[in-house]
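The file input22.cif comes next; it holds mmCIF, C-alpha atoms.
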data_start
#
loop_
_atom_site.label_atom_id
_atom_site.label_comp_id
_atom_site.auth_asym_id
_atom_site.auth_seq_id
_atom_site.Cartn_x
_atom_site.Cartn_y
_atom_site.Cartn_z
CA MET B 280 0.00 0.00 0.00
CA LYS B 281 1.33 3.44 -0.93
CA ASP B 282 1.74 6.23 1.59
CA GLU B 283 -0.73 9.09 1.43
CA CYS B 284 0.37 12.36 -0.15
CA GLN B 285 -0.99 15.83 0.42
CA SER B 286 0.56 19.07 -0.76
CA THR B 287 -0.72 22.64 -1.00
CA THR B 288 0.29 25.50 -3.27
CA THR B 289 -1.09 28.92 -4.13
CA PHE B 290 -1.89 29.74 -7.73
CA LYS B 291 -1.44 33.50 -8.05
CA ASP B 292 -4.02 35.48 -10.00
CA LYS B 293 -2.93 36.50 -13.52
CA GLN B 294 0.55 35.03 -13.08
CA TRP B 295 2.04 32.19 -15.09
CA SER B 296 3.57 29.37 -13.06
CA LEU B 297 5.78 26.51 -14.21
CA ILE B 298 4.47 23.64 -12.08
CA THR B 299 4.69 19.91 -11.58
CA LEU B 300 2.51 17.58 -9.55
CA PRO B 301 3.87 16.53 -6.13
CA CYS B 302 1.68 13.43 -5.76
CA ASP B 303 0.79 10.50 -7.98
CA PRO B 304 -2.18 11.65 -10.09
CA ALA B 305 -3.15 7.96 -10.46
CA GLY B 306 -4.55 8.37 -13.95
CA ARG B 307 -6.74 11.34 -13.07
CA THR B 308 -7.40 13.80 -15.84
CA LEU B 309 -6.77 17.54 -15.77
CA GLU B 310 -10.51 18.04 -15.23
CA GLU B 311 -10.60 15.58 -12.31
CA LEU B 312 -7.57 17.21 -10.67
CA PHE B 313 -8.45 20.88 -10.99
CA SER B 314 -11.95 21.76 -12.32
CA GLN B 315 -13.90 21.54 -9.08
CA GLU B 316 -11.37 23.50 -7.02
CA LEU B 317 -10.62 26.15 -9.65
CA GLY B 318 -14.13 26.58 -10.98
CA GLY B 319 -14.80 28.80 -13.96
CA ASN B 320 -14.34 27.83 -17.57
CA TYR B 321 -11.24 26.06 -18.80
CA SER B 322 -9.44 28.14 -21.47
CA GLU B 323 -11.14 31.32 -20.21
CA ASP B 324 -10.54 31.37 -16.44
CA TRP B 325 -7.60 28.96 -16.24
CA VAL B 326 -5.47 26.95 -18.63
CA VAL B 327 -2.58 24.46 -18.65
CA TYR B 328 0.06 23.98 -21.35
CA GLY B 329 2.63 21.25 -21.79
CA PHE B 330 5.77 21.40 -23.90
CA ASP B 331 6.62 18.97 -26.70
CA SER B 332 10.41 18.85 -26.47
CA LEU B 333 10.93 17.08 -29.80
CA LEU B 334 8.84 19.61 -31.73
CA GLY B 335 9.90 22.55 -29.55
CA GLU B 336 6.35 23.81 -29.14
CA PHE B 337 3.74 24.35 -26.45
CA LYS B 338 0.52 22.37 -26.54
CA LYS B 339 -2.64 23.15 -24.60
CA VAL B 340 -3.53 20.27 -22.30
CA ASP B 341 -7.02 18.90 -22.94
CA LEU B 342 -9.35 18.50 -19.95
CA ASN B 343 -9.41 14.74 -20.64
CA ASP B 344 -5.61 14.40 -20.68
CA GLN B 345 -3.87 12.64 -17.81
CA LEU B 346 -1.11 14.62 -16.10
CA LYS B 347 2.17 13.11 -14.86
CA ALA B 348 4.10 13.82 -11.68
CA GLY B 349 7.59 15.05 -12.51
CA LYS B 350 6.58 16.57 -15.86
CA GLY B 351 6.48 20.36 -16.09
CA TYR B 352 3.39 22.34 -17.09
CA TRP B 353 2.63 26.03 -17.60
CA PHE B 354 -0.41 27.10 -15.57
CA ILE B 355 -2.35 30.36 -15.25
CA GLN B 356 -5.64 31.30 -13.64
CA ILE B 357 -7.44 34.65 -13.90
CA SER B 358 -10.18 34.44 -11.26
CA GLY B 359 -9.43 37.81 -9.69
CA ASN B 360 -8.00 36.14 -6.55
CA ASP B 361 -5.12 33.90 -5.57
CA ILE B 362 -6.33 30.30 -5.20
CA GLU B 363 -4.98 27.89 -2.62
CA TYR B 364 -5.05 24.36 -3.99
CA THR B 365 -4.38 21.09 -2.15
CA MET B 366 -3.56 17.95 -4.09
CA THR B 367 -4.15 14.60 -2.45
CA GLY B 368 -3.29 11.14 -3.59
CA SER B 369 -0.63 8.53 -3.14
CA ALA B 370 3.03 9.27 -2.61
CA LEU B 371 5.33 8.08 -5.35
CA SER B 372 8.05 5.54 -4.65
CA LYS B 373 11.40 6.72 -3.32
CA TYR B 374 12.98 6.30 -6.75
CA GLN B 375 10.87 7.89 -9.46
CA ARG B 376 11.92 7.82 -13.11
CA ILE B 377 11.30 11.03 -15.05
CA ASP B 378 11.78 10.63 -18.78
CA VAL B 379 13.38 13.35 -20.86
CA VAL B 380 13.80 13.52 -24.60
CA SER B 381 16.71 14.63 -26.73
CA LYS B 382 17.43 15.34 -30.35
CA GLU B 383 20.72 14.18 -31.79
CA ALA B 384 23.21 17.01 -32.34
CA ALA B 385 20.94 19.60 -30.73
CA LEU B 386 20.21 21.07 -27.34
CA THR B 387 16.70 19.98 -26.29
CA TRP B 388 14.69 21.79 -23.61
CA ASN B 389 12.57 19.69 -21.26
CA MET B 390 10.16 20.81 -18.52
CA ILE B 391 10.47 18.59 -15.47
CA GLY B 392 10.04 18.94 -11.72
CA ASN B 393 10.10 17.38 -8.29
CA PRO B 394 7.45 14.61 -8.09
CA TYR B 395 7.38 14.60 -4.28
CA PRO B 396 5.47 16.68 -1.69
CA HIS B 397 8.74 17.70 0.00
CA ALA B 398 11.93 19.37 -1.17
CA ILE B 399 14.75 17.17 -2.41
CA GLU B 400 18.39 18.05 -2.96
CA SER B 401 20.18 17.69 -6.26
CA LYS B 402 22.47 15.06 -4.66
CA ASP B 403 19.36 12.86 -4.34
CA THR B 404 18.83 12.79 -8.12
CA GLN B 405 20.58 10.75 -10.78
CA TRP B 406 20.83 10.75 -14.53
CA TYR B 407 20.76 7.44 -16.35
CA SER B 408 22.20 6.93 -19.80
CA GLU B 409 20.55 4.04 -21.62
CA GLU B 410 23.39 4.08 -24.15
CA SER B 411 26.15 3.49 -21.57
CA GLY B 412 23.98 1.91 -18.87
CA SER B 413 25.55 4.19 -16.28
CA ARG B 414 24.06 6.34 -13.53
CA MET B 415 25.58 9.68 -12.65
CA ASN B 416 25.02 12.86 -10.66
CA TRP B 417 24.44 16.28 -12.25
CA SER B 418 28.15 17.21 -12.36
CA GLU B 419 29.09 13.94 -14.03
CA ALA B 420 26.24 14.22 -16.54
CA ASP B 421 27.28 17.82 -17.27
CA SER B 422 30.95 16.85 -17.80
CA GLN B 423 29.88 14.12 -20.23
CA ASN B 424 27.81 16.63 -22.24
CA LEU B 425 24.51 14.91 -21.40
CA VAL B 426 22.71 17.58 -19.41
CA HIS B 427 23.59 21.12 -18.38
CA ALA B 428 24.01 21.58 -14.62
CA SER B 429 22.11 24.89 -14.74
CA VAL B 430 18.33 24.67 -14.75
CA PHE B 431 15.80 27.50 -14.82
CA LEU B 432 12.94 28.05 -12.41
CA TYR B 433 10.16 30.49 -13.34
CA GLU B 434 8.52 32.25 -10.41
CA ASN B 435 7.19 35.70 -9.61
CA GLY B 436 7.31 36.71 -13.26
CA GLY B 437 10.96 35.87 -13.97
CA TYR B 438 13.58 33.15 -14.24
CA THR B 439 16.03 32.04 -11.57
CA LYS B 440 19.04 29.93 -12.51
CA LYS B 441 19.81 27.02 -10.17
CA ASP B 442 23.15 25.22 -10.11
CA MET B 443 22.37 21.52 -9.87
CA SER B 444 26.06 20.59 -9.64
CA ASN B 445 25.88 21.90 -6.07
CA PRO B 446 24.67 18.81 -4.16
CA GLU B 447 22.78 20.99 -1.65
CA THR B 448 20.62 22.77 -4.25
CA LYS B 449 16.97 22.35 -3.24
CA ILE B 450 14.31 21.24 -5.68
CA ASP B 451 10.98 22.32 -4.21
CA PRO B 452 7.61 20.62 -4.66
CA TRP B 453 5.17 22.11 -7.18
CA HIS B 454 8.04 23.87 -9.04
CA GLY B 455 8.75 22.95 -12.62
CA TYR B 456 12.12 23.63 -14.26
CA TRP B 457 13.49 24.10 -17.74
CA VAL B 458 16.29 21.55 -18.12
CA PRO B 459 18.66 21.68 -21.12
CA ILE B 460 19.46 18.19 -22.39
CA LEU B 461 22.72 18.36 -24.35
CA ASP B 462 23.90 16.88 -27.65
CA ASP B 463 25.36 13.62 -26.35
CA TYR B 464 22.29 12.45 -24.37
CA HIS B 465 20.81 9.46 -26.21
#
Here is a file; write its structure as structure tokens.
Amino acid sequence: MKDECQSTTTFKDKQWSLITLPCDPAGRTLEELFSQELGGNYSEDWVVYGFDSLLGEFKKVDLNDQLKAGKGYWFIQISGNDIEYTMTGSALSKYQRIDVVSKEAALTWNMIGNPYPHAIESKDTQWYSEESGSRMNWSEADSQNLVHASVFLYENGGYTKKDMSNPETKIDPWHGYWVPILDDYH
């Protein structure tokens, strides 16, 4: 039996947020996760976009689409007030795989995030190369030209660069990040 998960965030009025889900959505759709709590009309009062890394374009998430913990999403609501939202569900396992995509001979941006209801440190994350079968930390992955150690958090209307090669760097729940996957990641 999985442990219970509960995590609360505040969605600011008229402010884009790069988010991820901190609990297992267990196959629930966007509508099942957010419609009742957010109210209003989807596309008019609130909207969620994903990013297709291979095509390099944003795609509006359909109300019937299932969301994934650890994947990043752009979210905005324009209700006139900040909305406090609590997600409940099951906690994910201690080791959660988050897939990223890459294009050969090109930098590929991915939106990912912390899939847990508590902060984790970069030292608690690993990169896995299917090609070599090896696991590595951020610094090792950066030195092998797989992933850049700098990621970008969007909050309060601007970007903050975080150095993931520092093992103490915190990755907070609910926050999504732009992660540059480099040329040699296959």
### Task
Tell me which protein, DNA and RNA residues are within 10 Å of Gly351 of chain B, counting all atoms listed in the file, leaving out same-chain ones fewer than 3 positions away, and put them as a PyMOL selection string.
chain B and resi 296-300+328-330+346-348+354+389-394+453-457
Save the residues we just selected, C-alpha atoms, as a PDB file, keeping the file's coordinate frame?
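Output below, filename part.pdb:
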ATOM      1  CA  SER B 296       3.570  29.370 -13.060  1.00  0.00           C
ATOM      2  CA  LEU B 297       5.780  26.510 -14.210  1.00  0.00           C
ATOM      3  CA  ILE B 298       4.470  23.640 -12.080  1.00  0.00           C
ATOM      4  CA  THR B 299       4.690  19.910 -11.580  1.00  0.00           C
ATOM      5  CA  LEU B 300       2.510  17.580  -9.550  1.00  0.00           C
ATOM      6  CA  TYR B 328       0.060  23.980 -21.350  1.00  0.00           C
ATOM      7  CA  GLY B 329       2.630  21.250 -21.790  1.00  0.00           C
ATOM      8  CA  PHE B 330       5.770  21.400 -23.900  1.00  0.00           C
ATOM      9  CA  LEU B 346      -1.110  14.620 -16.100  1.00  0.00           C
ATOM     10  CA  LYS B 347       2.170  13.110 -14.860  1.00  0.00           C
ATOM     11  CA  ALA B 348       4.100  13.820 -11.680  1.00  0.00           C
ATOM     12  CA  PHE B 354      -0.410  27.100 -15.570  1.00  0.00           C
ATOM     13  CA  ASN B 389      12.570  19.690 -21.260  1.00  0.00           C
ATOM     14  CA  MET B 390      10.160  20.810 -18.520  1.00  0.00           C
ATOM     15  CA  ILE B 391      10.470  18.590 -15.470  1.00  0.00           C
ATOM     16  CA  GLY B 392      10.040  18.940 -11.720  1.00  0.00           C
ATOM     17  CA  ASN B 393      10.100  17.380  -8.290  1.00  0.00           C
ATOM     18  CA  PRO B 394       7.450  14.610  -8.090  1.00  0.00           C
ATOM     19  CA  TRP B 453       5.170  22.110  -7.180  1.00  0.00           C
ATOM     20  CA  HIS B 454       8.040  23.870  -9.040  1.00  0.00           C
ATOM     21  CA  GLY B 455       8.750  22.950 -12.620  1.00  0.00           C
ATOM     22  CA  TYR B 456      12.120  23.630 -14.260  1.00  0.00           C
ATOM     23  CA  TRP B 457      13.490  24.100 -17.740  1.00  0.00           C
TER      24      TRP B 457
END
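One finds atom CA of Ile362 of chain B at 5.5 Å from atom CA of Thr289 of chain B.
Of note, atom CA of Trp417 of chain B and atom CA of Ser444 of chain B are spaced 5.3 Å apart.
In this comparison, which uses all atoms listed in the file, the residue of B:Ile399, B:Val458, B:Val380, B:Leu334 approaching Val426 of chain B most closely is B:Val458.
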Contacts of Gln294 of chain B at 12 Å (only C-alpha atoms; same-chain gap of 6+ positions) as a CSV table (one decimal) with C-alpha atoms, keeping the file's coordinate frame:
chain,number,residue,atom,x,y,z
B,325,TRP,CA,-7.6,29.0,-16.2
B,326,VAL,CA,-5.5,27.0,-18.6
B,353,TRP,CA,2.6,26.0,-17.6
B,354,PHE,CA,-0.4,27.1,-15.6
B,355,ILE,CA,-2.4,30.4,-15.2
B,356,GLN,CA,-5.6,31.3,-13.6
B,357,ILE,CA,-7.4,34.6,-13.9
B,358,SER,CA,-10.2,34.4,-11.3
B,359,GLY,CA,-9.4,37.8,-9.7
B,360,ASN,CA,-8.0,36.1,-6.6
B,361,ASP,CA,-5.1,33.9,-5.6
B,362,ILE,CA,-6.3,30.3,-5.2
B,433,TYR,CA,10.2,30.5,-13.3
B,434,GLU,CA,8.5,32.2,-10.4
B,435,ASN,CA,7.2,35.7,-9.6
B,436,GLY,CA,7.3,36.7,-13.3
B,437,GLY,CA,11.0,35.9,-14.0
### Message
Around the point (21.9, 17.5, -7.2) (coordinates from the file), which residues reach within 10 Å if we count all atoms listed in the file? Answer as an NGL selection string.
### Response
:B and (399-405 or 416-418 or 428 or 442-450)
Axis-aligned box for all listed atoms of segment 285-300 of chain B, 6 Å per side, centre and edges in Å to one decimal, as lines of an AutoDock Vina configuration file:
center_x = 0.9
center_y = 26.2
center_z = -7.3
size_x = 21.8
size_y = 32.7
size_z = 27.5
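Among B:Gln345, B:Thr387, B:Ser332, B:Ser372, the residue with the shortest atom-to-atom distance to Phe313 of chain B, counting only C-alpha atoms, is B:Gln345.
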Contact residues around Lys382 of chain B with all atoms listed in the file at 12 Å, ignoring same-chain residues under 6 positions, as a PDB file with C-alpha atoms, in the coordinates of the input:
ATOM      1  CA  ASP B 331       6.620  18.970 -26.700  1.00  0.00           C
ATOM      2  CA  SER B 332      10.410  18.850 -26.470  1.00  0.00           C
ATOM      3  CA  LEU B 333      10.930  17.080 -29.800  1.00  0.00           C
ATOM      4  CA  LEU B 334       8.840  19.610 -31.730  1.00  0.00           C
ATOM      5  CA  GLY B 335       9.900  22.550 -29.550  1.00  0.00           C
ATOM      6  CA  TRP B 388      14.690  21.790 -23.610  1.00  0.00           C
ATOM      7  CA  ASN B 389      12.570  19.690 -21.260  1.00  0.00           C
ATOM      8  CA  LEU B 425      24.510  14.910 -21.400  1.00  0.00           C
ATOM      9  CA  PRO B 459      18.660  21.680 -21.120  1.00  0.00           C
ATOM     10  CA  ILE B 460      19.460  18.190 -22.390  1.00  0.00           C
ATOM     11  CA  LEU B 461      22.720  18.360 -24.350  1.00  0.00           C
ATOM     12  CA  ASP B 462      23.900  16.880 -27.650  1.00  0.00           C
ATOM     13  CA  ASP B 463      25.360  13.620 -26.350  1.00  0.00           C
ATOM     14  CA  TYR B 464      22.290  12.450 -24.370  1.00  0.00           C
ATOM     15  CA  HIS B 465      20.810   9.460 -26.210  1.00  0.00           C
TER      16      HIS B 465
END
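Excluding Ser286 of chain B itself and any same-chain residue fewer than 3 positions from it, the protein and nucleic acid residues within 9 Å of it, counting only C-alpha atoms, are Pro301, Cys302, Tyr364, Thr365, Met366, Thr367, Tyr395, Pro396, His397, Pro452 and Trp453 of chain B.
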#### Entry: Coordinates-based distance that separates atom CA of Gly306 of chain B from atom CA of Lys293 of chain B (Å, one decimal)
28.2 Å
### Task
Would you be able to write out as a list in words which residues have an atom within 9 Å of (18.8, 30.4, -8.9) in the file's coordinates, counting only C-alpha atoms?
Ser429, Val430, Phe431, Leu432, Tyr438, Thr439, Lys440, Lys441 and Asp442 of chain B
Output for the residues just chosen: C-alpha atoms as an mmCIF file, in the coordinates of the input:
data_model
loop_
_atom_site.group_PDB
_atom_site.id
_atom_site.type_symbol
_atom_site.label_atom_id
_atom_site.label_comp_id
_atom_site.auth_asym_id
_atom_site.auth_seq_id
_atom_site.Cartn_x
_atom_site.Cartn_y
_atom_site.Cartn_z
ATOM 1 C CA SER B 429 22.110 24.890 -14.740
ATOM 2 C CA VAL B 430 18.330 24.670 -14.750
ATOM 3 C CA PHE B 431 15.800 27.500 -14.820
ATOM 4 C CA LEU B 432 12.940 28.050 -12.410
ATOM 5 C CA TYR B 438 13.580 33.150 -14.240
ATOM 6 C CA THR B 439 16.030 32.040 -11.570
ATOM 7 C CA LYS B 440 19.040 29.930 -12.510
ATOM 8 C CA LYS B 441 19.810 27.020 -10.170
ATOM 9 C CA ASP B 442 23.150 25.220 -10.110
#
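Nearest to Asp341 of chain B of all the residues B:Thr308, B:Gln423, B:Ser369, B:Asn320 is B:Thr308, counting only C-alpha atoms.
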### Query
Which one is closest to Leu309 of chain B: B:Asp292, B:Leu342, B:Asp451, B:Glu336? Count all atoms listed in the file.
B:Leu342
### Task
List, as a PyMOL selection string, every residue that the PyMOL selection byres ((chain B and resi 377) around 8) selects in the file provided.
chain B and resi 349-350+375-376+378-379+391
Please produce a file of those selected residues containing C-alpha atoms, as a PDB file, keeping the file's coordinate frame.
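Now in result25.pdb:
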ATOM      1  CA  GLY B 349       7.590  15.050 -12.510  1.00  0.00           C
ATOM      2  CA  LYS B 350       6.580  16.570 -15.860  1.00  0.00           C
ATOM      3  CA  GLN B 375      10.870   7.890  -9.460  1.00  0.00           C
ATOM      4  CA  ARG B 376      11.920   7.820 -13.110  1.00  0.00           C
ATOM      5  CA  ASP B 378      11.780  10.630 -18.780  1.00  0.00           C
ATOM      6  CA  VAL B 379      13.380  13.350 -20.860  1.00  0.00           C
ATOM      7  CA  ILE B 391      10.470  18.590 -15.470  1.00  0.00           C
TER       8      ILE B 391
END
From the coordinates I just gave you, please extract segment 431-455 of chain B so that only N, CA, C and O atoms remain, then output it as a short mmCIF file (atom, residue, chain, number, x, y, z; two decimals), in the first residue's frame.
data_model
loop_
_atom_site.label_atom_id
_atom_site.label_comp_id
_atom_site.auth_asym_id
_atom_site.auth_seq_id
_atom_site.Cartn_x
_atom_site.Cartn_y
_atom_site.Cartn_z
N PHE B 431 16.46 26.20 -14.96
CA PHE B 431 15.80 27.50 -14.82
C PHE B 431 14.41 27.34 -14.25
O PHE B 431 13.56 26.64 -14.78
N LEU B 432 14.20 28.02 -13.13
CA LEU B 432 12.94 28.05 -12.41
C LEU B 432 12.23 29.36 -12.76
O LEU B 432 12.86 30.41 -12.76
N TYR B 433 10.94 29.29 -13.07
CA TYR B 433 10.16 30.49 -13.34
C TYR B 433 9.24 30.74 -12.17
O TYR B 433 8.40 29.90 -11.83
N GLU B 434 9.41 31.87 -11.50
CA GLU B 434 8.52 32.25 -10.41
C GLU B 434 8.50 33.76 -10.28
O GLU B 434 9.47 34.44 -10.62
N ASN B 435 7.37 34.27 -9.81
CA ASN B 435 7.19 35.70 -9.61
C ASN B 435 7.51 36.53 -10.86
O ASN B 435 8.09 37.60 -10.77
N GLY B 436 7.17 35.98 -12.01
CA GLY B 436 7.31 36.71 -13.26
C GLY B 436 8.70 36.72 -13.87
O GLY B 436 8.96 37.48 -14.80
N GLY B 437 9.62 35.89 -13.39
CA GLY B 437 10.96 35.87 -13.97
C GLY B 437 11.66 34.55 -13.71
O GLY B 437 11.20 33.69 -12.95
N TYR B 438 12.81 34.39 -14.36
CA TYR B 438 13.58 33.15 -14.24
C TYR B 438 14.69 33.28 -13.20
O TYR B 438 15.31 34.32 -13.07
N THR B 439 14.93 32.18 -12.50
CA THR B 439 16.03 32.04 -11.57
C THR B 439 16.85 30.83 -12.01
O THR B 439 16.28 29.75 -12.22
N LYS B 440 18.15 31.03 -12.14
CA LYS B 440 19.04 29.93 -12.51
C LYS B 440 19.46 29.19 -11.25
O LYS B 440 19.82 29.79 -10.25
N LYS B 441 19.38 27.86 -11.30
CA LYS B 441 19.81 27.02 -10.17
C LYS B 441 20.95 26.13 -10.64
O LYS B 441 20.88 25.53 -11.71
N ASP B 442 21.98 26.04 -9.81
CA ASP B 442 23.15 25.22 -10.11
C ASP B 442 22.97 23.84 -9.51
O ASP B 442 23.15 23.63 -8.32
N MET B 443 22.63 22.86 -10.35
CA MET B 443 22.37 21.52 -9.87
C MET B 443 23.65 20.74 -9.58
O MET B 443 23.60 19.66 -8.99
N SER B 444 24.81 21.26 -9.99
CA SER B 444 26.06 20.59 -9.64
C SER B 444 26.38 20.76 -8.16
O SER B 444 27.19 20.02 -7.60
N ASN B 445 25.75 21.74 -7.51
CA ASN B 445 25.88 21.90 -6.07
C ASN B 445 24.95 20.87 -5.43
O ASN B 445 23.73 20.95 -5.58
N PRO B 446 25.51 19.89 -4.70
CA PRO B 446 24.67 18.81 -4.16
C PRO B 446 23.61 19.27 -3.16
O PRO B 446 22.67 18.54 -2.88
N GLU B 447 23.74 20.49 -2.63
CA GLU B 447 22.78 20.99 -1.65
C GLU B 447 21.65 21.80 -2.28
O GLU B 447 20.75 22.26 -1.58
N THR B 448 21.67 22.00 -3.59
CA THR B 448 20.62 22.77 -4.25
C THR B 448 19.27 22.09 -4.03
O THR B 448 19.10 20.91 -4.29
N LYS B 449 18.31 22.87 -3.54
CA LYS B 449 16.97 22.35 -3.24
C LYS B 449 16.09 22.38 -4.49
O LYS B 449 16.12 23.34 -5.27
N ILE B 450 15.30 21.34 -4.62
CA ILE B 450 14.31 21.24 -5.68
C ILE B 450 12.96 21.16 -4.96
O ILE B 450 12.64 20.13 -4.36
N ASP B 451 12.21 22.23 -4.99
CA ASP B 451 10.98 22.32 -4.21
C ASP B 451 9.80 21.65 -4.89
O ASP B 451 9.74 21.56 -6.12
N PRO B 452 8.82 21.19 -4.07
CA PRO B 452 7.61 20.62 -4.66
C PRO B 452 6.82 21.70 -5.40
O PRO B 452 6.96 22.88 -5.11
N TRP B 453 6.03 21.27 -6.35
CA TRP B 453 5.17 22.11 -7.18
C TRP B 453 5.95 22.90 -8.23
O TRP B 453 5.37 23.39 -9.17
N HIS B 454 7.27 23.06 -8.09
CA HIS B 454 8.04 23.87 -9.04
C HIS B 454 8.50 23.03 -10.22
O HIS B 454 9.10 21.97 -10.05
N GLY B 455 8.22 23.55 -11.41
CA GLY B 455 8.75 22.95 -12.62
C GLY B 455 10.00 23.70 -13.04
O GLY B 455 10.21 24.86 -12.64
#
